[in-house]
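Here is data-v9.txt, consisting of compact mmCIF, C-alpha atoms:
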```
# COMPACT_ATOMS: atom_id res chain seq x y z
CA MET A 1 71.09 128.36 202.06
CA GLU A 2 70.48 127.97 205.79
CA GLY A 3 70.93 131.65 206.68
CA ILE A 4 73.43 133.63 208.61
CA SER A 5 74.72 132.18 211.84
CA PRO A 6 75.39 134.59 214.71
CA VAL A 7 77.50 131.91 216.35
CA PRO A 8 81.25 132.61 216.26
CA ARG A 9 83.22 130.40 213.92
CA GLU A 10 85.11 128.57 216.67
CA ALA A 11 81.88 127.64 218.49
CA ARG A 12 79.95 126.43 215.47
CA PRO A 13 81.16 122.80 215.70
CA TYR A 14 79.70 122.60 219.23
CA GLN A 15 76.38 124.23 218.42
CA GLY A 16 73.53 121.89 219.39
CA GLN A 17 75.73 119.34 221.14
CA ARG A 18 75.09 118.33 224.73
CA ALA A 19 77.00 120.41 227.22
CA GLY A 20 79.43 118.94 229.69
CA LEU A 21 79.99 119.21 233.41
CA VAL A 22 82.24 122.29 233.58
CA THR A 23 79.96 124.56 231.58
CA ARG A 24 76.87 123.43 233.44
CA LEU A 25 78.53 123.82 236.82
CA ILE A 26 79.53 127.40 235.97
CA ALA A 27 76.02 128.15 234.71
CA ASN A 28 74.46 126.76 237.88
CA THR A 29 76.85 128.73 240.04
CA VAL A 30 75.92 131.91 238.18
CA ASP A 31 72.23 131.08 238.71
CA ALA A 32 72.69 130.44 242.42
CA LEU A 33 74.62 133.70 242.81
CA SER A 34 71.98 135.58 240.81
CA VAL A 35 69.16 134.30 243.01
CA CYS A 36 71.17 135.07 246.17
CA ALA A 37 71.79 138.59 244.88
CA ALA A 38 68.11 139.01 244.04
CA LEU A 39 67.08 137.79 247.49
CA LEU A 40 69.58 140.09 249.17
CA ALA A 41 68.29 142.99 247.10
CA THR A 42 64.73 142.09 248.08
CA TYR A 43 65.74 141.93 251.74
CA ALA A 44 67.48 145.30 251.47
CA GLY A 45 64.46 146.79 249.71
CA PHE A 46 62.11 145.40 252.34
CA ASN A 47 64.22 146.91 255.12
CA ALA A 48 64.40 150.22 253.30
CA LEU A 49 60.61 150.19 253.11
CA LEU A 50 60.38 149.47 256.83
CA PHE A 51 62.75 152.34 257.48
CA LEU A 52 60.70 154.70 255.36
CA ILE A 53 57.48 153.70 257.12
CA ASN A 54 58.82 153.99 260.63
CA PRO A 55 62.33 155.42 260.83
CA ARG A 56 62.24 156.02 264.57
CA ASP A 57 61.68 152.37 265.60
CA PHE A 58 63.52 150.84 262.66
CA GLU A 59 65.20 147.47 263.14
CA PHE A 60 66.47 145.07 260.51
CA ALA A 61 63.93 142.37 259.81
CA THR A 62 65.07 138.99 261.05
CA ALA A 63 64.12 135.56 259.85
CA SER A 64 65.11 132.07 260.91
CA ALA A 65 67.79 130.24 258.93
CA LEU A 66 65.27 127.57 257.93
CA LEU A 67 62.87 130.15 256.55
CA SER A 68 65.69 131.92 254.69
CA VAL A 69 66.96 128.73 253.09
CA THR A 70 63.46 127.58 252.23
CA THR A 71 62.68 130.92 250.63
CA ALA A 72 65.91 130.84 248.66
CA LEU A 73 65.26 127.31 247.38
CA PHE A 74 61.67 128.16 246.54
CA ALA A 75 62.79 131.28 244.68
CA LEU A 76 65.37 129.21 242.80
CA ILE A 77 62.72 126.67 241.78
CA VAL A 78 60.32 129.38 240.60
CA TYR A 79 63.06 131.20 238.74
CA MET A 80 64.35 128.08 236.98
CA THR A 81 60.86 126.87 236.09
CA ALA A 82 59.93 130.20 234.57
CA ALA A 83 63.23 130.58 232.73
CA TRP A 84 63.30 127.07 231.26
CA SER A 85 59.68 127.06 230.19
CA ILE A 86 59.76 130.54 228.66
CA THR A 87 63.18 130.94 227.03
CA GLY A 88 64.77 127.57 227.69
CA ARG A 89 67.62 129.20 229.57
CA THR A 90 68.32 130.80 232.90
CA TYR A 91 70.69 133.72 233.23
CA GLY A 92 73.56 131.33 233.95
CA ASP A 93 72.66 129.33 230.85
CA HIS A 94 72.53 132.56 228.87
CA VAL A 95 75.98 133.58 230.07
CA MET A 96 77.46 130.19 229.25
CA GLY A 97 75.55 129.74 225.97
CA LEU A 98 73.39 126.82 227.09
CA ARG A 99 69.77 125.89 226.51
CA VAL A 100 67.55 123.27 228.11
CA VAL A 101 65.55 121.37 225.53
CA GLY A 102 62.99 118.61 225.62
CA ARG A 103 63.18 115.09 224.28
CA ARG A 104 62.98 116.15 220.64
CA GLY A 105 65.04 119.28 221.04
CA ASP A 106 61.91 121.33 221.52
CA ARG A 107 60.70 123.60 224.30
CA VAL A 108 60.45 122.32 227.86
CA TRP A 109 56.84 122.43 229.06
CA PRO A 110 56.12 124.17 232.38
CA PRO A 111 55.29 120.96 234.34
CA THR A 112 58.49 119.33 233.11
CA ALA A 113 60.43 122.49 233.91
CA LEU A 114 58.94 122.53 237.41
CA VAL A 115 59.88 118.91 238.10
CA ARG A 116 63.33 119.47 236.69
CA ALA A 117 63.84 122.60 238.77
CA ALA A 118 62.68 120.80 241.92
CA LEU A 119 65.04 117.92 241.18
CA CYS A 120 67.93 120.30 240.48
CA VAL A 121 67.36 122.18 243.73
CA GLY A 122 66.60 119.13 245.85
CA PHE A 123 69.28 116.85 244.45
CA PRO A 124 72.00 119.13 243.02
CA ILE A 125 74.65 116.42 243.13
CA GLY A 126 72.75 114.68 240.33
CA LEU A 127 74.38 117.16 237.97
CA LEU A 128 77.71 115.38 238.42
CA TRP A 129 76.33 112.40 236.52
CA CYS A 130 76.61 114.36 233.28
CA GLY A 131 80.39 114.25 233.77
CA VAL A 132 80.50 110.46 233.62
CA SER A 133 77.49 109.79 231.42
CA PRO A 134 78.45 109.15 227.78
CA SER A 135 75.34 111.03 226.71
CA ARG A 136 76.27 113.97 228.97
CA ARG A 137 72.95 113.91 230.79
CA SER A 138 72.49 114.52 234.47
CA VAL A 139 70.23 112.46 236.72
CA GLN A 140 67.57 115.14 236.35
CA ASP A 141 67.89 114.96 232.56
CA PHE A 142 67.40 111.20 232.62
CA LEU A 143 64.37 111.47 234.88
CA VAL A 144 62.51 114.18 232.95
CA ARG A 145 64.00 113.40 229.52
CA THR A 146 65.63 116.72 228.88
CA SER A 147 69.03 117.75 227.58
CA VAL A 148 71.24 120.76 228.00
CA ILE A 149 72.85 121.82 224.76
CA TYR A 150 75.33 124.45 223.66
CA ASP A 151 73.25 127.10 221.97
CA TRP A 152 74.93 130.44 221.43
CA ARG A 153 72.09 131.84 219.39
CA PRO A 154 70.07 134.52 221.11
CA ARG A 155 66.76 132.84 220.24
CA ARG A 156 65.57 129.29 219.95
CA ALA A 157 65.85 127.76 216.47
CA GLY A 158 62.68 128.06 214.43
CA ARG A 159 61.36 131.10 216.26
CA MET B 1 85.10 117.70 165.65
CA MET B 2 86.27 120.82 167.38
CA ASP B 3 89.72 119.33 167.80
CA ILE B 4 89.92 118.53 164.09
CA ALA B 5 88.94 122.08 163.16
CA LEU B 6 91.46 123.49 165.58
CA GLY B 7 94.18 121.17 164.27
CA ILE B 8 93.51 122.27 160.69
CA LEU B 9 93.55 125.92 161.70
CA VAL B 10 96.83 125.58 163.57
CA GLN B 11 98.37 123.76 160.62
CA ALA B 12 97.17 126.47 158.21
CA ARG B 13 98.57 129.18 160.46
CA ASN B 14 101.94 127.46 160.66
CA ARG B 15 102.01 127.07 156.87
CA ALA B 16 101.15 130.76 156.40
CA VAL B 17 103.92 131.80 158.78
CA PHE B 18 106.31 129.49 156.98
CA LEU B 19 105.42 130.95 153.58
CA GLY B 20 105.05 134.52 154.76
CA HIS B 21 108.45 134.74 156.38
CA PRO B 22 110.47 134.96 153.13
CA LEU B 23 107.83 137.32 151.74
CA LEU B 24 108.32 139.59 154.73
CA LEU B 25 112.05 139.46 154.25
CA PHE B 26 111.50 140.70 150.69
CA MET B 27 108.77 143.23 151.51
CA ARG B 28 110.54 145.07 154.31
CA PRO B 29 113.46 146.51 152.27
CA THR B 30 111.07 147.21 149.39
CA ALA B 31 108.73 149.22 151.63
CA ARG B 32 111.70 151.06 153.10
CA LEU B 33 112.88 151.90 149.59
CA VAL B 34 109.45 153.15 148.58
CA LEU B 35 108.84 155.20 151.73
CA ARG B 36 112.36 156.56 152.08
CA PRO B 37 113.83 156.65 148.59
CA PRO B 38 117.46 157.76 148.44
CA LEU B 39 118.41 161.05 146.81
CA VAL B 40 114.90 162.47 147.47
CA PRO B 41 114.64 165.33 149.99
CA ARG B 42 113.20 164.13 153.27
CA ARG B 43 110.16 166.42 153.14
CA LEU B 44 109.20 165.00 149.72
CA GLN B 45 109.51 161.37 150.77
CA ALA B 46 106.35 159.28 150.92
CA GLY B 47 107.23 158.26 154.47
CA THR B 48 107.21 161.91 155.56
CA TRP B 49 103.81 162.46 153.96
CA LEU B 50 102.44 159.36 155.67
CA ARG B 51 103.88 160.43 159.04
CA THR B 52 102.31 163.90 158.67
CA ALA B 53 98.97 162.33 157.74
CA ALA B 54 99.18 159.99 160.72
CA ASP B 55 99.94 162.86 163.10
CA ARG B 56 97.05 164.86 161.70
CA GLY B 57 94.74 161.85 162.02
CA SER B 58 95.87 161.25 165.60
CA ALA B 59 95.21 164.85 166.56
CA TYR B 60 91.81 164.73 164.85
CA ARG B 61 90.98 161.50 166.67
CA GLY B 62 91.86 163.10 170.01
CA GLU B 63 89.71 166.12 169.29
CA THR B 64 86.82 163.94 168.15
CA TRP B 65 87.01 161.80 171.31
CA HIS B 66 87.05 164.92 173.43
CA GLU B 67 84.02 166.33 171.66
CA LEU B 68 82.27 162.97 171.92
CA ASP B 69 83.04 162.91 175.67
CA VAL B 70 81.47 166.33 176.10
CA VAL B 71 78.39 165.30 174.14
CA LEU B 72 78.04 162.01 176.05
CA ASP B 73 78.51 163.79 179.39
CA ARG B 74 75.53 165.98 178.56
CA LEU B 75 73.42 163.43 176.73
CA LEU B 76 73.75 160.26 178.83
CA PRO B 77 72.62 161.64 182.21
CA ALA B 78 69.59 163.21 180.58
CA LEU B 79 68.87 160.00 178.65
CA LEU B 80 69.29 157.80 181.74
CA THR B 81 67.16 160.10 183.86
CA GLU B 82 64.43 159.93 181.24
CA MET B 83 64.73 156.13 181.12
CA MET B 84 64.61 155.85 184.89
CA ARG B 85 61.40 157.84 184.91
CA HIS B 86 59.78 155.13 182.82
CA VAL B 87 61.41 152.07 184.36
CA ASN B 88 61.05 151.08 188.01
CA VAL B 89 64.45 149.54 188.69
CA THR B 90 63.50 148.44 192.21
CA ASP B 91 60.56 146.42 190.90
CA LEU B 92 62.69 145.00 188.13
CA LEU B 93 65.37 143.90 190.58
CA GLN B 94 62.84 142.42 192.96
CA GLU B 95 61.21 140.50 190.16
CA ASN B 96 64.37 139.21 188.52
CA VAL B 97 66.93 138.96 191.30
CA ASP B 98 66.66 136.97 194.52
CA VAL B 99 67.89 139.89 196.59
CA VAL B 100 67.49 138.18 199.95
CA SER B 101 69.56 135.16 198.93
CA LEU B 102 72.13 137.44 197.39
CA ALA B 103 72.34 139.56 200.52
CA GLU B 104 72.56 136.48 202.76
CA GLU B 105 75.33 135.08 200.59
CA VAL B 106 77.27 138.33 200.72
CA ILE B 107 76.81 138.66 204.47
CA ALA B 108 77.86 135.04 204.98
CA LYS B 109 80.95 135.63 202.86
CA ILE B 110 82.02 138.71 204.75
CA ASP B 111 80.90 137.20 208.10
CA LEU B 112 78.90 140.22 209.18
CA PRO B 113 78.10 138.86 212.66
CA GLU B 114 81.83 138.64 213.31
CA ILE B 115 82.27 142.25 212.20
CA ILE B 116 79.40 143.39 214.43
CA ARG B 117 80.83 141.48 217.37
CA ASP B 118 84.22 143.02 216.71
CA SER B 119 82.85 146.53 216.50
CA THR B 120 80.40 146.42 219.42
CA GLY B 121 81.40 145.57 222.96
CA ALA B 122 84.52 143.82 221.85
CA VAL B 123 86.03 143.47 225.31
CA ALA B 124 82.94 141.98 226.94
CA SER B 125 82.18 139.63 224.07
CA ASP B 126 85.81 138.53 223.84
CA THR B 127 85.86 137.77 227.55
CA LEU B 128 82.59 135.86 227.34
CA LEU B 129 83.79 134.01 224.26
CA GLY B 130 86.96 133.06 226.11
CA VAL B 131 85.07 131.82 229.15
CA ARG B 132 82.67 129.80 227.05
CA MET B 133 85.38 128.27 224.91
CA HIS B 134 87.47 127.42 227.97
CA SER B 135 84.49 125.76 229.63
CA ILE B 136 83.84 123.77 226.46
CA SER B 137 87.48 122.67 226.49
CA GLY B 138 87.01 121.68 230.13
CA ASP B 139 83.93 119.64 229.20
CA ASP B 140 85.89 117.87 226.48
CA ALA B 141 88.81 117.22 228.80
CA ILE B 142 86.56 115.63 231.41
CA ALA B 143 84.79 113.57 228.74
CA ARG B 144 88.14 112.32 227.42
CA ALA B 145 89.39 111.47 230.89
CA VAL B 146 86.19 109.59 231.70
CA ASP B 147 86.37 107.76 228.37
CA ARG B 148 89.94 106.68 229.08
CA LEU B 149 88.99 105.54 232.55
CA ARG B 150 86.00 103.66 231.21
CA LEU B 151 88.14 101.99 228.54
CA ARG B 152 90.69 100.97 231.14
CA LEU B 153 88.00 99.57 233.40
CA THR B 154 86.39 97.74 230.49
CA ARG B 155 89.73 96.23 229.46
CA GLY B 156 90.39 95.22 233.02
CA ALA B 157 87.01 93.60 233.27
CA VAL B 158 87.24 91.93 229.88
CA ALA B 159 90.90 90.87 230.09
CA PRO B 160 90.39 87.47 231.77
CA GLY B 161 87.82 86.47 229.20
CA VAL B 162 89.70 87.85 226.20
CA ALA B 163 92.15 84.94 225.96
CA ALA B 164 91.48 82.81 222.90
CA PRO B 165 89.85 79.52 223.68
CA VAL B 166 92.31 76.67 223.47
CA PRO B 167 91.03 73.89 221.22
CA ALA B 168 90.73 70.45 222.66
CA PRO B 169 93.45 67.98 221.60
CA ASP B 170 91.14 65.95 219.43
CA GLU B 171 89.40 68.96 217.92
CA THR B 172 89.69 69.42 214.17
CA VAL B 173 90.88 72.83 213.05
CA VAL B 174 90.39 73.84 209.42
CA VAL B 175 92.98 76.33 208.19
CA VAL B 176 91.81 78.25 205.16
CA SER B 177 94.45 79.93 203.01
CA THR B 178 93.75 83.28 201.39
CA GLY B 179 96.46 82.87 198.74
CA THR B 180 96.61 80.68 195.65
CA ASP B 181 97.92 77.73 197.58
CA PRO B 182 95.41 75.07 198.38
CA PRO B 183 94.18 74.96 201.93
CA ALA B 184 96.91 73.95 204.28
CA GLY B 185 94.80 71.07 205.32
CA THR B 186 93.56 69.84 208.53
CA ARG B 187 95.16 68.46 211.57
```

Go ahead and express the file in the form of structure tokens.
Amino acid sequence: MEGISPVPREARPYQGQRAGLVTRLIANTVDALSVCAALLATYAGFNALLFLINPRDFEFATASALLSVTTALFALIVYMTAAWSITGRTYGDHVMGLRVVGRRGDRVWPPTALVRAALCVGFPIGLLWCGVSPSRRSVQDFLVRTSVIYDWRPRRAGR
Amino acid sequence: MMDIALGILVQARNRAVFLGHPLLLFMRPTARLVLRPPLVPRRLQAGTWLRTAADRGSAYRGETWHELDVVLDRLLPALLTEMMRHVNVTDLLQENVDVVSLAEEVIAKIDLPEIIRDSTGAVASDTLLGVRMHSISGDDAIARAVDRLRLRLTRGAVAPGVAAPVPAPDETVVVVSTGTDPPAGTR
């Protein structure tokens, strides 16, 4: 007996299969929004700190657009690298029931996760390839030999 | 062997029924005559005595069962308690029954995860389930559309080359028949 599956009945046929474009797009959108929200919260917190330190001369901190975008992309890369190498899923993946796995369905190692994250952030349009690829792999997946699978279980198999 | 034995038994039973039927026809009026003889007062008839004895026996049986119930109600709990003091049922079960497998089987049968999902945060999990299933349907729809497109493109690309090669006029074609007829021959 293989144990009790926490996956709902209707999703069991898809468990472990490679995910398609729609699910991955939604997951990535959730991730981007999450990082934006986190950055905004950090910015608000930083300004609140400035206000507490010197309320009389308080002004909102300003930064150039280039610095803001660079920070956001860097934060996204760090976040994705950490998430994929630790749990195999970002928050967006968790919401959509996805997991990033290595070549043999195992964990993604931190260097691989870093390269993948950099590729995802630097060349996001590469994701669209999973819509036309028969193996449902994006350009990033082909380059670093990873896959994104449907995995509704809370933890990785075998843990 | 079993079938033979059963056949013999069935045959014997049928024969007994066949022979016993006339006997029963004879016995029934005889028994009625013995139990309820005419011209004998009803209270002195054998049937009345037997009925009275049966009633008395029935009442006695009821009383006995009741008394037995009372005794068992007192005796069994004490007996079982004493037995349980000497036997560790938990150890026995753990040694002789694969409790984990049994529990997993039961939980799988009743789909406990489904029950837990239903009972906790039903709205959120239902919404999430809906979103995930819709996105999976979207994935499948895109995959199907791309497959169709690919097939169409492949056909379009292959179509000019698909035409069967036309044999040269002096080429020999061997036609092999799959039936009983001899090969149609050559031309």

Once you count all atoms listed in the file, which residues of chain B turn out to be within 12 Å of chain A? Could you give them as an mmCIF file with C-alpha atoms, keeping the file's coordinate frame?
```cif
data_model
loop_
_atom_site.group_PDB
_atom_site.id
_atom_site.type_symbol
_atom_site.label_atom_id
_atom_site.label_comp_id
_atom_site.auth_asym_id
_atom_site.auth_seq_id
_atom_site.Cartn_x
_atom_site.Cartn_y
_atom_site.Cartn_z
ATOM 1 C CA VAL B 100 67.490 138.180 199.950
ATOM 2 C CA SER B 101 69.560 135.160 198.930
ATOM 3 C CA LEU B 102 72.130 137.440 197.390
ATOM 4 C CA ALA B 103 72.340 139.560 200.520
ATOM 5 C CA GLU B 104 72.560 136.480 202.760
ATOM 6 C CA GLU B 105 75.330 135.080 200.590
ATOM 7 C CA VAL B 106 77.270 138.330 200.720
ATOM 8 C CA ILE B 107 76.810 138.660 204.470
ATOM 9 C CA ALA B 108 77.860 135.040 204.980
ATOM 10 C CA LYS B 109 80.950 135.630 202.860
ATOM 11 C CA ILE B 110 82.020 138.710 204.750
ATOM 12 C CA ASP B 111 80.900 137.200 208.100
ATOM 13 C CA LEU B 112 78.900 140.220 209.180
ATOM 14 C CA PRO B 113 78.100 138.860 212.660
ATOM 15 C CA GLU B 114 81.830 138.640 213.310
ATOM 16 C CA ILE B 115 82.270 142.250 212.200
ATOM 17 C CA ILE B 116 79.400 143.390 214.430
ATOM 18 C CA ARG B 117 80.830 141.480 217.370
ATOM 19 C CA ASP B 118 84.220 143.020 216.710
ATOM 20 C CA ALA B 124 82.940 141.980 226.940
ATOM 21 C CA SER B 125 82.180 139.630 224.070
ATOM 22 C CA ASP B 126 85.810 138.530 223.840
ATOM 23 C CA THR B 127 85.860 137.770 227.550
ATOM 24 C CA LEU B 128 82.590 135.860 227.340
ATOM 25 C CA LEU B 129 83.790 134.010 224.260
ATOM 26 C CA GLY B 130 86.960 133.060 226.110
ATOM 27 C CA VAL B 131 85.070 131.820 229.150
ATOM 28 C CA ARG B 132 82.670 129.800 227.050
ATOM 29 C CA MET B 133 85.380 128.270 224.910
ATOM 30 C CA HIS B 134 87.470 127.420 227.970
ATOM 31 C CA SER B 135 84.490 125.760 229.630
ATOM 32 C CA ILE B 136 83.840 123.770 226.460
ATOM 33 C CA SER B 137 87.480 122.670 226.490
ATOM 34 C CA GLY B 138 87.010 121.680 230.130
ATOM 35 C CA ASP B 139 83.930 119.640 229.200
ATOM 36 C CA ASP B 140 85.890 117.870 226.480
ATOM 37 C CA ALA B 141 88.810 117.220 228.800
ATOM 38 C CA ILE B 142 86.560 115.630 231.410
ATOM 39 C CA ALA B 143 84.790 113.570 228.740
ATOM 40 C CA ARG B 144 88.140 112.320 227.420
ATOM 41 C CA ALA B 145 89.390 111.470 230.890
ATOM 42 C CA VAL B 146 86.190 109.590 231.700
ATOM 43 C CA ASP B 147 86.370 107.760 228.370
ATOM 44 C CA ARG B 148 89.940 106.680 229.080
ATOM 45 C CA LEU B 149 88.990 105.540 232.550
ATOM 46 C CA ARG B 150 86.000 103.660 231.210
#
```

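For the atom pair formed by atom CA of A:Arg116 and atom CA of A:Ile77, the distance is 8.8 Å, given to one decimal.
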
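Across the model, the gap from atom CA of A:Gly45 to atom CA of A:Ala63 is 15.1 Å.
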
Work out how far atom CA of A:Ala75 is from atom CA of A:Val100, in Å to one decimal. 19.0 Å

Looking at all atoms listed in the file, which of A:Val139, A:Ile86, A:Leu39, A:Val115 is the one that sits closest to A:Val69? A:Leu39

Could you work out an axis-aligned box for stretch 68-85 of chain B, taking every atom the file lists and adding 8 Å on each side, and report centre and edge lengths in Å to one decimal, as lines of an AutoDock Vina configuration file?
```
center_x = 72.2
center_y = 161.1
center_z = 178.4
size_x = 37.6
size_y = 26.5
size_z = 29.0
```
